[in-house]
Structures are given as structure tokens and as C-alpha cells.
Amino acid sequence: MIPILLFLLIPGIIYASSKIRGKVVDKGTGEPIPGANVILKNTNLGAATDIEGEYIILGVPPGKYTLQISYLGYKPQQFEIEVPDNRTLEYNAKLEYMVLEGEEILITAQAEGQIQAINQQKSALTVKNIVSASKIEELPEANAAEAVGRLPGISLLREGGEGSKVVIRGLSPQYNKIQLNGVSMAATGEADRSVDLSMISPYILSGIEVSKTAMADQEADHLGGTVNFILKGAPKKPVFNFTAQGGYNGLRDEIGNYYYVLGGGKRFFDDKLGVFTQLNLERTDRSNNSAGAGYQMQHDTLTLANSLNLEDIDRVNKRMGGVLVLDYESATTKIKLSNTLNRIDINTFLRQENFDPVGRNHNYYGNYSERNLLTMINALDVEQFIGDLKITGGASYSRSSNKLPEQISMNAQEANAFVRSWTWDDYQIYPFDIVTKALNDTTKTYLNRFVKSNSDMLEEEEAANLNFEWGFRIGEADIKLKFGGEYKHKYKKYDYEQSEIPIAWNDLDIVRLYLKDRFGLTNYDIAGDFPYAPFIDRNYTAGDFKAGIDYTISRVPDKNTMVDVYHEIENLTSVRGIPTGKTIYYDYVPSNSNDYYGYENYFGAYILPTITFGNNKVIFIPGFRYEYNKTEYTANRSNSPGRDTDPYVYFSYTSTRKNNYLLPMIHLKYQVTDWFDVRASYTQTLSRPDYNRIIPTWTTYGNSITWNNVNLKPAEAKNLDIFFSFYTDKLGLLTFGVFNKQIKGFIYGATTWIADSSYLQPEWPASVKPGGQINGFINNPNTAKLWGIEAEWQSNFWFLPGIWRGLVINVNYTYTHSDLKYPRTVPIYEYVKVGPIKIPKIVGTGDGSYNARLLDQPTHIFNFTVGFDYKGFSVRGSAQFKSDVFRADNWYKELQQTTDPLTLWTVKVRQMLPVDGLQIYFNVNNLTKAVDQTSNYGTGWFSYRSYYGLTADLGITYTLN
């Protein structure tokens, strides 16, 4: 293919050409129309307008043409034009809405947003879903993740009921790429490559594009798809926006949430210079009640409950963000500087009761944490025309930091909390019934320990790209050739520290004496265990514990007392002036085995011809992408556990990985009729290993080792998509299709029994021996098979009489099926007689492989949205259904976990007020107070359930333009 393309570039066969550029706007409002089709009739030349309504047709031979502009929902227009030789013809157009039997139709607000999305999706060359600017502005979602979550093939991971990360076609968040204005966002966690979207305000966006098939000019580091959030820019007319919102949390029955947005934009100097800026400030209560149950197997035959956790979590998110976009436009040049900053501060206090009938313990926990998460992107984009050659390039800086300045937890324990040892018959009760078996005696509950931790994660990425685009004609085919490259340098570091203050063990009389004085316990003997009672929050009332049981957690720790006491003990030496010995124990293993730093260098290059023939009916896009990646990370390896002054040996180790790939990307779009097209594609993409898989760390325990595999390779996917789209002014857009993925080298955690020395690696410590275990990560030698069906219908009923014209409907359904063989080894025992008894000895391993679907993959997704507009009134109701999702794999099928089906209902209402630009709105989320539940496969009982209740918002927005 590449030699053929080079042949096409021979100067002797290239005709002289010109170009046509312009802008398409709404005749009534002057607003840009994105996704309009602009073609030269009876030729292969054409283009679609971008988010600003602008288009460029390259490689146009001089002559006379008929320029045709079409946009679903608007009257098509034709113009006779004459293109000069080697010149640029600028032609702007104004479109107006359809008419019905001579009657002018007023398109409603929700219908306008839908029409934009339909036309942008219709004009796209690949399988793509769109959330338009008008749709975002009309009835905004809580955050950027929620705005994506209603599209076909998309499901969300939630925290406290709020969407935070996206799953695309059943592939977990780390397998998808998140971009802002085409710039990759830095990962927001230390472990994987996923991005938390909850901090991105929808008010800064002018559109969202979800690409499910890769083009050669896009980074190929994704298995599911790419989500690109497009920032607002300076409008042609000056705009000022203000929004103020208050919110209600049904779980806490409190009104305390708020959301403020202030922004605007304007163009200067004959519209050449544009400025847009916006600030947002938000407080959201995302508290939840949860319950978790543990299970185990008895003799490989029976699944039994063995623990219960009950939690009441206070979680308050405080977000702030800002955006500044500057741009310059001339006849041949565009320059845009985009800057975004988003920060979220998360304060969490977890209260927990834990029932451990196996150990006969009843535990109480408190955990307070403060987390600061920040993302920032600065990007410079330049577009320059030199004759017929279009050159685009840019440079960007992306940064995320995730800091945990302080996390303090406390544990108290009621030992012998069950009247007798747990029997196998006891395990077979429903998990919540474990509560009734416990003594719940706080007079026999004693303080166990305090733990403090802090962490700091930083990821920075610097990138630069350069692209060339040139249009020309070869025979009957028109070709737009694009090629270019990109370089990126990423730096990543993570530091974690943990220490503890043990109360129930070791030589700590000084601490017990302090606690005795602190709480005035005159009868307390410091030689005994310290009672938990002084730490109980006597003012805490949980009310109805909304996790589906007739039980209210109580006797939980007081946050302020817990935090203050820890700090006072921490400062005991300086306060008392007395040596404290081992007051604080430094936990070496977690404090060192989790730390790492390093860098990644990336280079990508591509060639992408777009070949159009058959009078714009057939568009063939064969392309190739080359990607090179080098990683170098440094981490710690230890050969023994250690705490405080216990023997502990660790050393720093650096590993380097390199890989490169040549990836074909082939797309075909066939315009069968004016109202029907077919799109097909074959692409190859990949997914690079998560950070916590490749940092070169290991920890040994006895004769076993837990290690990361520095030789892991990226997972590779071969993707096939075929989609059919039907569209008319009355039908709207109806699209359905199938997708298939064959994924090689999926990375997963594996446990292997060490049967003999052949299982050992030469560099491992001598303490790792047969009889132990290897816990690590490997590339699955088996290919994952994933396929599915997507169907979507978007329409509005502008052609109906009276108020029925205000109806708008969006429906989509996705079916996904996946299958992957998970290799496992199981030990083969031989009983060896030692004296009077026989003891088991591992003499080999057997195959314990099993098949299961991919984690986070729902089988069915169904989204239904119906809206209604009448004059200044808008209402939208929606349902999001997600069937069971595979949450946890296990060698024992009975211990695997799947979620229960979940449906979330949302209602949004908006009313325009008599003052121009002033509107009031009201939103209700999770109308039916649905509960997220994950269930154990073997029993059908819950493994985890989370209740966050109903939330509501009341706000007012003002727009001046």
C-alpha cells in the first residue's frame, strides 16, 4: 500500500488545484452549524463542517461547479460557483429550518441539540457517537462522565452514585483513551491508566465525540474507544453566562450542595482574536451506606458466608475549575491556546462495623482521609495553509496530581464476640444474620491500633505533533493525503508512607498512661487493654441504615476524637519530654514496595489517504500507524517483611521496556442512497500495561513471592465493525451494527504453585522455594473474544400538529458478549508419612483453567430518553439500564461476583422566565432510589451493596448575548 501511495505523489500526474472554504450558520440565530455536508455535485469533492461550522474542500480543479449544502432538519441549498485557478474561494451559507405545507417550523431547544448530534454523527467517516454543544447546554449533566453515559455501548463506574469513569463496549476504563481537545489527559491514579471524569464540568464543553473505531491519525492506545471532550471557544457574538444551583441529598436529608458557574467570551479586531473564559465552583455530598459480605469454599463443593462489613461513609467533594481559550484567525492561519485547570478535594469519613465469626471478633473502624486531585492541560494548536498544503501542529502539557496529605484510621476489637467457635452449619446463614449471632458487648471492646498514611502521585506529559494534508485528483478519484507524527514524554512518580501506633500489643505503657489521663479514667490499670468506650461518638445516629437490613450501625468512632488523639500521641515525645520507645511503628513493606518513579517516551507516525470516488458515494480510507514506546521505571524489591526495627532488606531496581508496532487502519463508507449509508472498518489497536503491573517490584514472604512482570507486553486487538445508518427528516437517525474484537495478551493476575525449581526465576531470592506460591501478572496466552450489537434511534416529531411537535426521543441498546480462558495451576499433593502422621507434599501442578467474560462487561445496556418542549418549558425523563456486570473473577466459579441489574431514572425540568436569557431548572437523580448490588455467584447472596439515595438540584441560569 505504501509504494502505491508514493506512486500517487509523482508530480507528473498531479493536476493544479484550488480550495474552497467557508462557514455554514443558522439563518435565524447566526449560530454555527456543525456536521453539515458540503459537496460539489457530480464530483468526488466535499467536506463536513466542524464544530465551528467551518469547512474546507481541498484539491479543487478550477472551473464552474454546483455547491450543495445539506443538513438534516434544514432546507438544502445549492449555489452556482466558479473556482479560480490556484486560488482560494470563500463561500459562506445560511440555512433555515424545514417547512411543513408552507408553515415555518420552529425547532425546539432539545430537538436542536439532537439535530446537531445526528448531523455530526451522519457526516463522520468512522463509527462515532456525538453529544452536541446544544444538547450539553440545554439540560446539562452533573459532570462529563454522566454526559457520555447515555450513549450506546457506554456504561459508567460510579462513586457515591456519581459517574466517574467510562466502560466502552465492555472494556474497563484503563482500556479507553480520554482526551480534551485532542490532548490525552494524564491518568488520575497511581495504579492504572484510567482518568476520573467527575471533576470535568459539562459547562466548559461545546461537544463530546466518542470514537469506537481508530483512524491512523489517532493514537492507537485503546481497546474500547476514545472519548474526546471539546472545549468551548470564543463565539461570534459576545456572550456572558451565570449559573447558580443548590442541591439536596436524600441519604442525609440535607440541603447543602451548591454549584456556581461564571463565564463568557467575545471576539475582537474584526473577529480575528477570540477570548473565552469560565470558572466553576461546586460542593457535592456523595455519601453512601454500604454492606459487604465475604465467602469461602468448603471442600470445593459449598459456598459459605464468613464475614460481614457495614459502612456509613460521609463523602464531600469540593470541585473548582477554570478554562481560558484564546484564538487568532486569518485567511490562512489559525492559532488556538487552550488552558484548563480542574481540582477536586475529597473529604471522607468511613464508619465501619466488621463481623468476623471465624476469628470470633467484632471490629469497629474509623477512617478519615483528605484527598486532593488536580488535572491541568495547556495546549497550543496551529493551522497554516501554504498554497494547497494544510499544515497543522501543536504542543501540549498535561498534568495530574493525586495527593493524600493525611489518612488516619482506628480499629477497636471485641474479642470472643461470638458465643462459640463458628461451625460449618453457621456459615450457611444469610450474611446479615451474622449480626444476630454476635454479642455486641462494647464493655469488652478494646482499642487495637491507629494507622496513618499519606501518598503523593504525579504524572506529567509533554507532547508535540506535526501533520500535513494535501488534496489532489488522480484520474476519477479525489484524494486527500494526510501524514504526520507525534512525540510524547511522560514522567510518573508515586510515594506512599504508612506508620501505626499499636495499642493492644508491645511495650507501650507510656501511651496507655497518656490515654488514661486524656480521658480521665481513674480506675483504668495501664497494664490492661484500653477500653474503646471513650472513642465512641455518642451523638451519632445513623437512622435507618439503608443497605437493606433491619439493623442500624452504632458504637462508631468519633472522627475528631480519633484524629486528635492520634496527633497527640504522635507528638507525645515533644509534649511530655519523655522517651517513648516504639510509640510509632514504621511499616516498611507498604511504605517501600509501593513507591516508584520513571518515564515513558512515545513516538507515533502515520499515513492516511482518504480516497473518494463514485460522485462522493464511496470513501475508502486505508492507513497505517507506527508506534514506538519505551518505559523506564525504578522501584524497590524486598526479600522479607519488616516493621519498625525488624530485619528488613530492600534495594532499588530499574527496568527498561521497549516495543513497537505497525498497525493497519482500514475504513470504508458507502453512501448507498441519500438516506442510507454503510460503514465498515478493520483496525488494530493496543493497550499498554498499567503502572502497577510493570514497576519492577517484588516482596517475598517465606518461600513465596509477589512480583510484577517487567516483561509484560501490550494487549493487542483486531477490531471489525460494520454499521448501517438510515436518516430522513422525519425518521431522524436509525443506526445499527455489529462489532467484533479479538484481543491477544490480556494482562491478568495469576497465582502459581511452585512444584519444583523449574518454576523459579534466576534473579529471585533463594528464600523462594518449591512449596510456595508465585503471585504476579502475565499476558494471557489465550485470545479474548468479544462481540456485540449496537442499535440507536434518535428523532423528534417536528412534523406532528400542535404541541406534539415538542416531542424528542433517544433510544439505544447494546448487547455485548465476551469469553476468555483464564489459566490457573492447581497443586497436586502426595501424602508423605512423617513419623506417625502423613503430611501433604506438592509433587506437581495440574490445569485449573476456566472460562469467563471480561471484567466490567455488562451483557445488556439500554438507554431511553424522552423530552418535551413547549414554548419556554422543557422536560426530559430518562432511564439507564445496565444488566449484570462481571466484577470479580476467581478460580472457584462459586466465588465469582457479578452485579445485579440496575436502572437509574432521572428527570430534568427547565422553564424560561420573562426576563430574556433567564431560566430556572430542577433536576432529580436516581428517582427510584436504586441500590447498586454485587452478588456472589455460588449463593446468589450479596457481596457488596451501596445505597446513595435520591438527589435533587434547583438552579437558575442567565445568558446575555
# chains A, B, ... in the order shown; residues from 1 in each chain; ligands from 1

call {"tool": "residues_around", "arguments": {"residues": "stretch 291-308 of chain A", "least_positions_apart": "4", "cutoff": "8 Å", "atoms": "only C-alpha atoms", "output": "number ranges by chain"}}
result
A: 354-358, 424, 427-432, 434, 547, 892, 894-895, 936, 938-939, 942-946

call {"tool": "residues_around", "arguments": {"residues": "stretch 488-499 of chain A", "least_positions_apart": "5", "cutoff": "8 Å", "atoms": "only C-alpha atoms", "output": "PyMOL selection string"}}
result
chain A and resi 190+451-464+584-588+590-592+594-603

call {"tool": "residues_around", "arguments": {"residues": "A:Ser593", "least_positions_apart": "2", "cutoff": "8 Å", "atoms": "only C-alpha atoms", "output": "PyMOL selection string"}}
result
chain A and resi 589-591+595+635-638+697-699

call {"tool": "residues_around", "arguments": {"residues": "A:Asp314", "least_positions_apart": "3", "cutoff": "12 Å", "atoms": "only C-alpha atoms", "output": "number ranges by chain"}}
result
A: 160, 249, 251-252, 284-290, 311, 317, 346-352, 366-370, 542, 559, 948

call {"tool": "select_by_dssp", "arguments": {"residues": "stretch 141-243 of chain A", "states": "helix (DSSP H, G or I)", "output": "PyMOL selection string"}}
result
chain A and resi 144-148+173-175+202-204

call {"tool": "write_last_selection", "arguments": {"atoms": "C-alpha atoms", "output": "mmCIF file, in the first residue's frame"}}
result
data_model
loop_
_atom_site.group_PDB
_atom_site.id
_atom_site.type_symbol
_atom_site.label_atom_id
_atom_site.label_comp_id
_atom_site.auth_asym_id
_atom_site.auth_seq_id
_atom_site.Cartn_x
_atom_site.Cartn_y
_atom_site.Cartn_z
ATOM 1 C CA ALA A 144 -18.626 14.979 31.902
ATOM 2 C CA ALA A 145 -18.924 11.254 32.650
ATOM 3 C CA GLU A 146 -22.696 11.497 33.014
ATOM 4 C CA ALA A 147 -22.912 13.317 29.675
ATOM 5 C CA VAL A 148 -21.198 10.354 27.972
ATOM 6 C CA PRO A 173 -11.717 2.373 31.911
ATOM 7 C CA GLN A 174 -7.961 1.747 31.631
ATOM 8 C CA TYR A 175 -8.530 0.296 28.139
ATOM 9 C CA PRO A 202 -20.099 19.998 31.354
ATOM 10 C CA TYR A 203 -20.438 23.790 31.193
ATOM 11 C CA ILE A 204 -16.961 24.162 29.638
#

call {"tool": "residues_around", "arguments": {"residues": "stretch 42-51 of chain A", "least_positions_apart": "2", "cutoff": "9 Å", "atoms": "only C-alpha atoms", "output": "ChimeraX atom specification"}}
result
/A:22-24,32-40,53-60,65-66,120,123-124,132-133,206-207,230,476-479,611-619

call {"tool": "residues_around", "arguments": {"residues": "stretch 953-955 of chain A", "least_positions_apart": "3", "cutoff": "6 Å", "atoms": "only C-alpha atoms", "output": "list of chain:residue names"}}
result
A:Ala244, A:Gln245, A:Gly246, A:Gly247, A:Ile920, A:Tyr921, A:Phe922, A:Asn923

call {"tool": "closest_residue", "arguments": {"among": "A:Asp441, A:Asp196, A:Asp916, A:Glu82", "to": "A:Phe418", "atoms": "only C-alpha atoms"}}
result
A:Asp441

call {"tool": "residues_around", "arguments": {"residues": "A:Gly772", "least_positions_apart": "2", "cutoff": "6 Å", "atoms": "only C-alpha atoms", "output": "MDAnalysis selection string"}}
result
chainID A and resid 703:704 754 770

call {"tool": "atom_distance", "arguments": {"atom1": "atom CA of A:Met665", "atom2": "atom CA of A:Met215"}}
result
6.0 Å

call {"tool": "select_by_dssp", "arguments": {"residues": "stretch 121-297 of chain A", "states": "strand (DSSP E)", "output": "PyMOL selection string"}}
result
chain A and resi 128-131+154-159+162-168+177-180+183-184+205-211+226-231+239-249+254-268+273-285+288-297

call {"tool": "write_last_selection", "arguments": {"atoms": "C-alpha atoms", "output": "mmCIF file, in the first residue's frame"}}
result
data_model
loop_
_atom_site.group_PDB
_atom_site.id
_atom_site.type_symbol
_atom_site.label_atom_id
_atom_site.label_comp_id
_atom_site.auth_asym_id
_atom_site.auth_seq_id
_atom_site.Cartn_x
_atom_site.Cartn_y
_atom_site.Cartn_z
ATOM 1 C CA LYS A 128 -18.723 7.687 16.156
ATOM 2 C CA ASN A 129 -21.260 8.919 18.731
ATOM 3 C CA ILE A 130 -21.789 12.610 19.408
ATOM 4 C CA VAL A 131 -23.088 14.749 22.243
ATOM 5 C CA ILE A 154 -21.211 3.079 27.249
ATOM 6 C CA SER A 155 -21.593 2.159 30.907
ATOM 7 C CA LEU A 156 -20.277 4.023 33.935
ATOM 8 C CA LEU A 157 -18.400 3.180 37.090
ATOM 9 C CA ARG A 158 -19.875 5.220 39.921
ATOM 10 C CA GLU A 159 -18.712 6.570 43.271
ATOM 11 C CA GLU A 162 -21.976 9.787 40.565
ATOM 12 C CA GLY A 163 -20.403 8.599 37.328
ATOM 13 C CA SER A 164 -16.624 8.823 37.389
ATOM 14 C CA LYS A 165 -15.170 6.517 34.701
ATOM 15 C CA VAL A 166 -16.399 5.092 31.408
ATOM 16 C CA VAL A 167 -16.545 1.493 30.193
ATOM 17 C CA ILE A 168 -16.752 1.273 26.375
ATOM 18 C CA LYS A 177 -8.402 6.875 25.953
ATOM 19 C CA ILE A 178 -9.654 10.187 27.346
ATOM 20 C CA GLN A 179 -8.787 13.426 25.578
ATOM 21 C CA LEU A 180 -9.527 17.118 25.973
ATOM 22 C CA VAL A 183 -4.827 16.094 24.047
ATOM 23 C CA SER A 184 -4.548 12.933 26.132
ATOM 24 C CA LEU A 205 -17.755 21.787 26.762
ATOM 25 C CA SER A 206 -19.031 22.511 23.277
ATOM 26 C CA GLY A 207 -19.283 18.857 22.323
ATOM 27 C CA ILE A 208 -18.226 15.285 23.035
ATOM 28 C CA GLU A 209 -17.050 12.726 20.471
ATOM 29 C CA VAL A 210 -16.783 9.022 21.230
ATOM 30 C CA SER A 211 -14.807 7.232 18.516
ATOM 31 C CA THR A 226 -11.588 7.284 22.547
ATOM 32 C CA VAL A 227 -13.607 9.980 24.310
ATOM 33 C CA ASN A 228 -12.704 13.496 23.188
ATOM 34 C CA PHE A 229 -14.137 16.420 25.156
ATOM 35 C CA ILE A 230 -14.194 19.585 23.040
ATOM 36 C CA LEU A 231 -13.777 22.898 24.848
ATOM 37 C CA VAL A 239 -21.764 36.009 25.500
ATOM 38 C CA PHE A 240 -21.978 36.141 29.304
ATOM 39 C CA ASN A 241 -23.227 33.172 31.356
ATOM 40 C CA PHE A 242 -24.012 32.752 35.036
ATOM 41 C CA THR A 243 -25.446 29.695 36.787
ATOM 42 C CA ALA A 244 -26.256 29.221 40.479
ATOM 43 C CA GLN A 245 -27.540 25.909 41.825
ATOM 44 C CA GLY A 246 -28.436 24.453 45.204
ATOM 45 C CA GLY A 247 -28.776 20.746 45.907
ATOM 46 C CA TYR A 248 -30.452 18.203 48.178
ATOM 47 C CA ASN A 249 -29.008 14.865 49.340
ATOM 48 C CA GLU A 254 -29.745 17.755 53.870
ATOM 49 C CA ILE A 255 -29.641 20.818 51.650
ATOM 50 C CA GLY A 256 -26.021 21.877 51.337
ATOM 51 C CA ASN A 257 -24.817 21.211 47.821
ATOM 52 C CA TYR A 258 -24.059 24.143 45.535
ATOM 53 C CA TYR A 259 -22.771 24.788 42.020
ATOM 54 C CA TYR A 260 -21.715 28.163 40.600
ATOM 55 C CA VAL A 261 -20.601 28.847 37.027
ATOM 56 C CA LEU A 262 -19.435 32.199 35.657
ATOM 57 C CA GLY A 263 -18.093 32.689 32.148
ATOM 58 C CA GLY A 264 -18.227 34.425 28.830
ATOM 59 C CA GLY A 265 -16.497 35.156 25.558
ATOM 60 C CA LYS A 266 -16.016 37.772 22.884
ATOM 61 C CA ARG A 267 -14.186 38.355 19.607
ATOM 62 C CA PHE A 268 -12.062 41.438 18.913
ATOM 63 C CA LEU A 273 -8.958 37.475 18.094
ATOM 64 C CA GLY A 274 -11.236 35.484 20.366
ATOM 65 C CA VAL A 275 -11.349 35.044 24.149
ATOM 66 C CA PHE A 276 -13.405 32.597 26.193
ATOM 67 C CA THR A 277 -13.079 32.069 29.932
ATOM 68 C CA GLN A 278 -15.093 30.332 32.620
ATOM 69 C CA LEU A 279 -14.879 29.470 36.312
ATOM 70 C CA ASN A 280 -16.879 26.916 38.268
ATOM 71 C CA LEU A 281 -17.175 26.122 41.974
ATOM 72 C CA GLU A 282 -19.073 23.160 43.414
ATOM 73 C CA ARG A 283 -19.798 21.266 46.619
ATOM 74 C CA THR A 284 -21.461 17.859 46.383
ATOM 75 C CA ASP A 285 -22.328 15.371 49.103
ATOM 76 C CA ASN A 288 -23.409 6.304 50.856
ATOM 77 C CA ASN A 289 -24.302 3.355 53.050
ATOM 78 C CA SER A 290 -22.804 0.037 52.085
ATOM 79 C CA ALA A 291 -22.634 -3.562 53.184
ATOM 80 C CA GLY A 292 -20.144 -6.245 52.158
ATOM 81 C CA ALA A 293 -20.024 -9.982 52.756
ATOM 82 C CA GLY A 294 -17.177 -12.474 52.410
ATOM 83 C CA TYR A 295 -17.470 -16.065 51.248
ATOM 84 C CA GLN A 296 -15.318 -19.183 51.160
ATOM 85 C CA MET A 297 -15.469 -22.708 49.793
#

call {"tool": "atom_distance", "arguments": {"atom1": "atom CA of A:Asn143", "atom2": "atom CA of A:Asp345"}}
result
15.4 Å

call {"tool": "closest_residue", "arguments": {"among": "A:Ile474, A:Ile789, A:Ala214, A:Leu447", "to": "A:Asp529", "atoms": "only C-alpha atoms"}}
result
A:Leu447
